[in-house]
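Worksheet: the structure to be examined is printed underneath.
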Amino acid sequence: MSAPERVPVDVAVGVLIDAQDRFLLTSRPHGKVYAGYWEFPGGKLEAGESVEQALRRELHEELGIEIGAAQPWKVELVDYPHARVRLHFCKVFAWRGEFQMREQQTMAWQQLPVACRAGVAGHATGARMVRAGAGFQRRHYTGSMNWLDAVKWDANGLVPAIAQEVGSNDVLMFAFMNREALAKTAELGQAVYFSRSRGRLWHKGEESGHIQKVHELRLDCDNDVVLMKVEQLGHEPGIACHTGRHSCFFQLLKDGEWIAVEPVLKDPASIYK
């Protein structure tokens, strides 16, 4: 009779990439399995945590840093002798704080080929991740997080964000971003907002497919409003509004009343199923 299949443990793994396109490896601390081996930092997901939440917590607990957006990269299922693990690899290009080795581990910035002799280079999954390092290229805006500090966030940690269409200069929509949403927008090159009603990040087009490709990010003279120059994708002509219209600003004040002056390009019932 065969042994029952082991339930995998979910682990968030951070691939931190600096301005020189180097990636960070840390050694496993004494007292843990594979002590002294090199690995990408991270740790297990706790109950109710998302991968990004777990990674944010673990890197603060282990390294003393506050990370920006975590970009999902790869998922690997690995059978170790001691456990079956599902590794959720995320790229991180921006962080704040000085690195602290809070578990008495060692850290090393690496490029290909890896100079560290033990650990990752000898571990099959880690080696595959390292060999895939050609995909580590940085995004444009994320050299550091200092630019985020220049934004004047309101009492709720939000900033108004306006999406304006490249070419036509039509104002498509208005929403809010928190720090994480703005960092992720810059990293992905696509608009990510913070939904106040749902209390979470909202990647524009995640349900409708009407993604906004960001060409420029601008900040106003008071540093309290963000303007994005975007290309509205997913439909021709572009649909930015949940009503199926090109722009959310489709109502015109005329003779003392608001009148819809833009057509519905697609039935919302067929957009949001």
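Scheme for the structure tokens: letters A, B, ... for chains in order shown; per-chain residue numbers from 1; ligand numbers from 1 in order shown.
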Give me the residues of stretch 5-29 of chain A that have any atom at most 8 Å from an atom of stretch 81-89 of chain A; for each, the nearest atom pair and the distance in Å, rounded to one decimal. Use only C-alpha atoms, sort by chain and number, and format it as a tab-separated table.
```
residue	atom	partner	partner_atom	distance
A:Arg6	CA	A:Arg84	CA	6.3
A:Val7	CA	A:Arg84	CA	6.7
A:Pro8	CA	A:Arg84	CA	4.7
A:Val9	CA	A:Val85	CA	4.7
A:Asp10	CA	A:Arg86	CA	4.8
A:Val11	CA	A:Leu87	CA	5.0
A:Ala12	CA	A:His88	CA	5.0
A:Val13	CA	A:Phe89	CA	4.7
A:Gly14	CA	A:Phe89	CA	6.0
A:Val15	CA	A:Phe89	CA	6.8
```
List every residue of stretch 152-235 of chain A that DSSP, applied to the backbone, labels as helix (DSSP H, G or I), and write the result as a ChimeraX atom specification. /A:179-188
Those same residues, written as a short mmCIF file (atom, residue, chain, number, x, y, z; two decimals), in the first residue's frame with all heavy atoms?
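Result file out20.cif:
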```
data_model
loop_
_atom_site.label_atom_id
_atom_site.label_comp_id
_atom_site.auth_asym_id
_atom_site.auth_seq_id
_atom_site.Cartn_x
_atom_site.Cartn_y
_atom_site.Cartn_z
N ARG A 179 0.24 53.43 -1.07
CA ARG A 179 1.66 53.35 -1.41
C ARG A 179 1.97 52.08 -2.20
O ARG A 179 2.70 52.11 -3.19
CB ARG A 179 2.47 53.37 -0.11
CG ARG A 179 3.98 53.47 -0.32
CD ARG A 179 4.72 53.39 1.01
NE ARG A 179 6.14 53.56 0.82
CZ ARG A 179 6.79 54.70 0.93
NH1 ARG A 179 6.14 55.81 1.24
NH2 ARG A 179 8.10 54.76 0.73
N GLU A 180 1.38 50.96 -1.77
CA GLU A 180 1.64 49.69 -2.45
C GLU A 180 1.10 49.71 -3.88
O GLU A 180 1.74 49.20 -4.80
CB GLU A 180 1.01 48.55 -1.65
CG GLU A 180 1.33 47.17 -2.19
CD GLU A 180 0.73 46.06 -1.34
OE1 GLU A 180 0.03 46.36 -0.34
OE2 GLU A 180 0.97 44.89 -1.67
N ALA A 181 -0.08 50.29 -4.07
CA ALA A 181 -0.67 50.35 -5.40
C ALA A 181 0.17 51.19 -6.36
O ALA A 181 0.38 50.81 -7.52
CB ALA A 181 -2.09 50.92 -5.32
N LEU A 182 0.68 52.32 -5.88
CA LEU A 182 1.50 53.18 -6.73
C LEU A 182 2.82 52.49 -7.07
O LEU A 182 3.29 52.55 -8.21
CB LEU A 182 1.73 54.53 -6.06
CG LEU A 182 2.51 55.56 -6.87
CD1 LEU A 182 1.90 55.78 -8.24
CD2 LEU A 182 2.58 56.89 -6.11
N ALA A 183 3.42 51.84 -6.08
CA ALA A 183 4.67 51.12 -6.33
C ALA A 183 4.46 50.00 -7.34
O ALA A 183 5.27 49.79 -8.24
CB ALA A 183 5.22 50.55 -5.02
N LYS A 184 3.34 49.29 -7.21
CA LYS A 184 3.06 48.19 -8.13
C LYS A 184 2.75 48.70 -9.53
O LYS A 184 3.11 48.07 -10.52
CB LYS A 184 1.90 47.35 -7.59
CG LYS A 184 1.94 45.89 -8.05
CD LYS A 184 0.97 45.06 -7.26
CE LYS A 184 1.18 43.57 -7.53
NZ LYS A 184 2.42 43.05 -6.95
N THR A 185 2.07 49.84 -9.62
CA THR A 185 1.80 50.46 -10.92
C THR A 185 3.10 50.77 -11.65
O THR A 185 3.26 50.45 -12.83
CB THR A 185 0.99 51.76 -10.73
OG1 THR A 185 -0.31 51.44 -10.20
CG2 THR A 185 0.82 52.50 -12.04
N ALA A 186 4.05 51.36 -10.92
CA ALA A 186 5.34 51.69 -11.51
C ALA A 186 6.11 50.44 -11.91
O ALA A 186 6.75 50.39 -12.96
CB ALA A 186 6.16 52.52 -10.52
N GLU A 187 6.02 49.42 -11.08
CA GLU A 187 6.76 48.18 -11.34
C GLU A 187 6.21 47.41 -12.53
O GLU A 187 6.97 46.94 -13.39
CB GLU A 187 6.71 47.30 -10.09
CG GLU A 187 7.44 45.98 -10.23
CD GLU A 187 7.32 45.14 -8.97
OE1 GLU A 187 7.39 45.70 -7.86
OE2 GLU A 187 7.15 43.92 -9.11
N LEU A 188 4.88 47.29 -12.61
CA LEU A 188 4.25 46.48 -13.66
C LEU A 188 4.07 47.25 -14.96
O LEU A 188 3.93 46.64 -16.03
CB LEU A 188 2.90 45.97 -13.18
CG LEU A 188 2.88 45.04 -11.96
CD1 LEU A 188 1.44 44.68 -11.61
CD2 LEU A 188 3.70 43.79 -12.23
#
```
Would you mind telling me which residue in A:Asn178, A:Gln53, A:Gln71, A:Asn223 lies nearest to A:Leu201 when using only C-alpha atoms? A:Asn178
Shell around A:Gln232 at 9 Å using only C-alpha atoms, local window under 4 positions removed, as a PyMOL selection string: chain A and resi 165-166+172+210-214+236-240+246
note - atom CA of A:Glu207 and atom CA of A:Lys91 are separated by 23.5 Å
Using only C-alpha atoms, the shortest atom-to-atom distance to A:Glu206 among A:Tyr272, A:Trp153, A:Phe40, A:Trp109 belongs to A:Tyr272
Pick out the residues sitting within 10 Å of A:Arg245, and hand them over as a PyMOL selection string; count only C-alpha atoms, and ignore anything fewer than 3 positions along from it in its own chain. chain A and resi 172+237-242+248-250+262-268
Same residues, all heavy atoms, output as a CSV table (one decimal), in the first residue's frame:
```csv
chain,number,residue,atom,x,y,z
A,172,LEU,N,-10.0,59.6,-18.4
A,172,LEU,CA,-10.7,58.3,-18.5
A,172,LEU,C,-11.4,58.0,-17.1
A,172,LEU,O,-12.5,57.6,-17.1
A,172,LEU,CB,-9.8,57.2,-18.8
A,172,LEU,CG,-9.2,57.2,-20.2
A,172,LEU,CD1,-8.3,56.0,-20.5
A,172,LEU,CD2,-10.2,57.3,-21.3
A,237,PRO,N,-13.0,50.9,-29.5
A,237,PRO,CA,-12.2,51.8,-28.7
A,237,PRO,C,-12.2,51.4,-27.3
A,237,PRO,O,-12.9,50.6,-26.8
A,237,PRO,CB,-12.9,53.2,-28.9
A,237,PRO,CG,-14.3,52.8,-29.2
A,237,PRO,CD,-14.3,51.5,-30.0
A,238,GLY,N,-11.2,52.0,-26.5
A,238,GLY,CA,-11.0,51.6,-25.2
A,238,GLY,C,-12.2,51.9,-24.2
A,238,GLY,O,-12.9,52.9,-24.4
A,239,ILE,N,-12.3,51.0,-23.3
A,239,ILE,CA,-13.4,51.1,-22.3
A,239,ILE,C,-12.7,51.2,-20.9
A,239,ILE,O,-12.1,50.3,-20.5
A,239,ILE,CB,-14.4,49.9,-22.3
A,239,ILE,CG1,-15.1,49.8,-23.6
A,239,ILE,CG2,-15.3,49.9,-21.1
A,239,ILE,CD1,-16.0,48.6,-23.8
A,240,ALA,N,-12.9,52.4,-20.3
A,240,ALA,CA,-12.4,52.6,-18.9
A,240,ALA,C,-13.5,52.5,-17.8
A,240,ALA,O,-13.2,52.2,-16.7
A,240,ALA,CB,-11.7,53.9,-18.8
A,241,CYS,N,-14.7,52.8,-18.2
A,241,CYS,CA,-15.8,52.9,-17.2
A,241,CYS,C,-16.5,51.5,-17.1
A,241,CYS,O,-16.7,50.8,-18.0
A,241,CYS,CB,-16.8,53.9,-17.7
A,241,CYS,SG,-18.1,54.3,-16.5
A,242,HIS,N,-17.0,51.3,-15.8
A,242,HIS,CA,-17.7,50.0,-15.5
A,242,HIS,C,-19.1,50.0,-16.2
A,242,HIS,O,-19.7,49.0,-16.2
A,242,HIS,CB,-17.8,49.8,-14.0
A,242,HIS,CG,-18.8,50.7,-13.4
A,242,HIS,ND1,-18.6,52.0,-13.1
A,242,HIS,CD2,-20.1,50.5,-13.0
A,242,HIS,CE1,-19.7,52.6,-12.5
A,242,HIS,NE2,-20.6,51.6,-12.4
A,248,CYS,N,-15.2,57.5,-17.7
A,248,CYS,CA,-16.2,57.6,-16.6
A,248,CYS,C,-16.9,59.0,-16.5
A,248,CYS,O,-17.9,59.1,-15.9
A,248,CYS,CB,-15.4,57.4,-15.2
A,248,CYS,SG,-14.8,55.7,-15.0
A,249,PHE,N,-16.3,59.9,-17.2
A,249,PHE,CA,-16.8,61.3,-17.2
A,249,PHE,C,-17.7,61.5,-18.5
A,249,PHE,O,-17.4,62.3,-19.4
A,249,PHE,CB,-15.7,62.3,-17.2
A,249,PHE,CG,-14.9,62.2,-15.9
A,249,PHE,CD1,-13.8,61.4,-15.8
A,249,PHE,CD2,-15.3,62.9,-14.7
A,249,PHE,CE1,-13.0,61.3,-14.7
A,249,PHE,CE2,-14.5,62.8,-13.6
A,249,PHE,CZ,-13.4,62.0,-13.5
A,250,PHE,N,-18.8,60.8,-18.5
A,250,PHE,CA,-19.7,60.8,-19.7
A,250,PHE,C,-20.9,61.7,-19.5
A,250,PHE,O,-21.8,61.7,-20.4
A,250,PHE,CB,-20.1,59.4,-20.0
A,250,PHE,CG,-20.8,58.6,-19.0
A,250,PHE,CD1,-22.2,58.8,-18.8
A,250,PHE,CD2,-20.2,57.8,-18.1
A,250,PHE,CE1,-22.9,58.1,-17.8
A,250,PHE,CE2,-20.8,57.1,-17.1
A,250,PHE,CZ,-22.2,57.3,-16.9
A,262,GLU,N,-22.0,60.2,-23.9
A,262,GLU,CA,-21.1,59.2,-24.5
A,262,GLU,C,-21.8,57.8,-24.6
A,262,GLU,O,-22.6,57.4,-23.7
A,262,GLU,CB,-19.8,59.0,-23.7
A,262,GLU,CG,-18.9,60.2,-23.8
A,262,GLU,CD,-17.5,59.9,-23.3
A,262,GLU,OE1,-17.2,58.7,-23.1
A,262,GLU,OE2,-16.7,60.8,-23.2
A,263,PRO,N,-21.7,57.1,-25.7
A,263,PRO,CA,-22.4,55.8,-25.9
A,263,PRO,C,-21.8,54.7,-25.0
A,263,PRO,O,-20.7,54.7,-24.7
A,263,PRO,CB,-22.2,55.6,-27.4
A,263,PRO,CG,-20.9,56.2,-27.7
A,263,PRO,CD,-20.8,57.4,-26.9
A,264,VAL,N,-22.7,53.7,-24.8
A,264,VAL,CA,-22.2,52.5,-24.1
A,264,VAL,C,-21.6,51.6,-25.3
A,264,VAL,O,-22.3,51.3,-26.2
A,264,VAL,CB,-23.4,51.7,-23.5
A,264,VAL,CG1,-22.9,50.4,-23.0
A,264,VAL,CG2,-24.0,52.5,-22.3
A,265,LEU,N,-20.3,51.3,-25.1
A,265,LEU,CA,-19.6,50.6,-26.1
A,265,LEU,C,-19.8,49.1,-26.0
A,265,LEU,O,-19.6,48.3,-27.0
A,265,LEU,CB,-18.1,50.9,-26.1
A,265,LEU,CG,-17.8,52.4,-26.3
A,265,LEU,CD1,-16.3,52.7,-26.1
A,265,LEU,CD2,-18.2,52.9,-27.7
A,266,LYS,N,-20.1,48.6,-24.8
A,266,LYS,CA,-20.3,47.2,-24.5
A,266,LYS,C,-21.2,47.1,-23.3
A,266,LYS,O,-21.0,47.8,-22.3
A,266,LYS,CB,-18.9,46.5,-24.3
A,266,LYS,CG,-19.0,45.0,-24.3
A,266,LYS,CD,-17.6,44.3,-24.2
A,266,LYS,CE,-17.7,42.8,-24.2
A,266,LYS,NZ,-16.3,42.2,-24.2
A,267,ASP,N,-22.1,46.1,-23.4
A,267,ASP,CA,-23.0,45.9,-22.3
A,267,ASP,C,-22.3,45.4,-21.0
A,267,ASP,O,-21.5,44.4,-21.1
A,267,ASP,CB,-24.0,44.8,-22.7
A,267,ASP,CG,-25.1,44.5,-21.6
A,267,ASP,OD1,-25.0,45.2,-20.5
A,267,ASP,OD2,-25.9,43.7,-21.8
A,268,PRO,N,-22.4,46.2,-19.9
A,268,PRO,CA,-21.7,45.8,-18.7
A,268,PRO,C,-21.9,44.3,-18.2
A,268,PRO,O,-21.1,43.7,-17.6
A,268,PRO,CB,-22.1,46.8,-17.6
A,268,PRO,CG,-22.6,47.9,-18.4
A,268,PRO,CD,-23.2,47.4,-19.7
```
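Nearest to A:Tyr34 of all the residues A:Gln110, A:Tyr80, A:Lys229, A:His235 is A:Tyr80, counting only C-alpha atoms.
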Identify, on the basis of only C-alpha atoms, every residue whose closest approach to A:His215 does not exceed 9 Å; exclude the query and any residue fewer than 5 positions from it along the same chain; express the result as JSON, numbers by chain. {"A": [166, 189, 190, 228, 229, 230, 231]}
Those same residues - all heavy atoms - I'd like them written as a PDB file, in the first residue's frame.
```
ATOM      1  N   VAL A 166      -3.378  58.515 -23.492  1.00  0.00           N
ATOM      2  CA  VAL A 166      -2.308  58.984 -24.365  1.00  0.00           C
ATOM      3  C   VAL A 166      -2.895  59.277 -25.747  1.00  0.00           C
ATOM      4  O   VAL A 166      -3.701  58.519 -26.263  1.00  0.00           O
ATOM      5  CB  VAL A 166      -1.191  57.914 -24.472  1.00  0.00           C
ATOM      6  CG1 VAL A 166      -0.222  58.264 -25.590  1.00  0.00           C
ATOM      7  CG2 VAL A 166      -0.437  57.798 -23.164  1.00  0.00           C
ATOM      8  N   GLY A 189       4.011  48.593 -14.868  1.00  0.00           N
ATOM      9  CA  GLY A 189       3.683  49.360 -16.060  1.00  0.00           C
ATOM     10  C   GLY A 189       2.213  49.273 -16.405  1.00  0.00           C
ATOM     11  O   GLY A 189       1.811  49.553 -17.532  1.00  0.00           O
ATOM     12  N   GLN A 190       1.390  48.901 -15.424  1.00  0.00           N
ATOM     13  CA  GLN A 190      -0.062  48.823 -15.576  1.00  0.00           C
ATOM     14  C   GLN A 190      -0.715  49.439 -14.344  1.00  0.00           C
ATOM     15  O   GLN A 190      -0.156  49.358 -13.241  1.00  0.00           O
ATOM     16  CB  GLN A 190      -0.527  47.371 -15.731  1.00  0.00           C
ATOM     17  CG  GLN A 190       0.004  46.685 -16.971  1.00  0.00           C
ATOM     18  CD  GLN A 190      -0.453  45.239 -17.065  1.00  0.00           C
ATOM     19  OE1 GLN A 190      -1.145  44.716 -16.198  1.00  0.00           O
ATOM     20  NE2 GLN A 190      -0.043  44.562 -18.136  1.00  0.00           N
ATOM     21  N   MET A 228      -1.677  59.711 -14.486  1.00  0.00           N
ATOM     22  CA  MET A 228      -1.110  58.658 -15.330  1.00  0.00           C
ATOM     23  C   MET A 228      -1.507  58.877 -16.777  1.00  0.00           C
ATOM     24  O   MET A 228      -2.679  59.102 -17.065  1.00  0.00           O
ATOM     25  CB  MET A 228      -1.611  57.282 -14.888  1.00  0.00           C
ATOM     26  CG  MET A 228      -1.174  56.839 -13.522  1.00  0.00           C
ATOM     27  SD  MET A 228      -1.818  55.187 -13.168  1.00  0.00           S
ATOM     28  CE  MET A 228      -3.586  55.493 -13.184  1.00  0.00           C
ATOM     29  N   LYS A 229      -0.541  58.820 -17.663  1.00  0.00           N
ATOM     30  CA  LYS A 229      -0.817  58.794 -19.093  1.00  0.00           C
ATOM     31  C   LYS A 229      -0.906  57.324 -19.486  1.00  0.00           C
ATOM     32  O   LYS A 229       0.080  56.588 -19.381  1.00  0.00           O
ATOM     33  CB  LYS A 229       0.308  59.485 -19.858  1.00  0.00           C
ATOM     34  CG  LYS A 229       0.451  60.965 -19.554  1.00  0.00           C
ATOM     35  CD  LYS A 229      -0.520  61.781 -20.376  1.00  0.00           C
ATOM     36  CE  LYS A 229      -0.165  63.263 -20.295  1.00  0.00           C
ATOM     37  NZ  LYS A 229      -1.001  64.073 -21.211  1.00  0.00           N
ATOM     38  N   VAL A 230      -2.089  56.890 -19.913  1.00  0.00           N
ATOM     39  CA  VAL A 230      -2.313  55.457 -20.115  1.00  0.00           C
ATOM     40  C   VAL A 230      -2.817  55.158 -21.525  1.00  0.00           C
ATOM     41  O   VAL A 230      -3.384  56.014 -22.203  1.00  0.00           O
ATOM     42  CB  VAL A 230      -3.322  54.895 -19.092  1.00  0.00           C
ATOM     43  CG1 VAL A 230      -2.888  55.207 -17.671  1.00  0.00           C
ATOM     44  CG2 VAL A 230      -4.732  55.412 -19.353  1.00  0.00           C
ATOM     45  N   GLU A 231      -2.599  53.915 -21.901  1.00  0.00           N
ATOM     46  CA  GLU A 231      -3.192  53.344 -23.107  1.00  0.00           C
ATOM     47  C   GLU A 231      -4.244  52.351 -22.645  1.00  0.00           C
ATOM     48  O   GLU A 231      -3.930  51.393 -21.946  1.00  0.00           O
ATOM     49  CB  GLU A 231      -2.110  52.651 -23.928  1.00  0.00           C
ATOM     50  CG  GLU A 231      -2.588  52.036 -25.229  1.00  0.00           C
ATOM     51  CD  GLU A 231      -1.466  51.343 -25.978  1.00  0.00           C
ATOM     52  OE1 GLU A 231      -0.293  51.472 -25.549  1.00  0.00           O
ATOM     53  OE2 GLU A 231      -1.770  50.660 -26.967  1.00  0.00           O
TER      54      GLU A 231
END
```
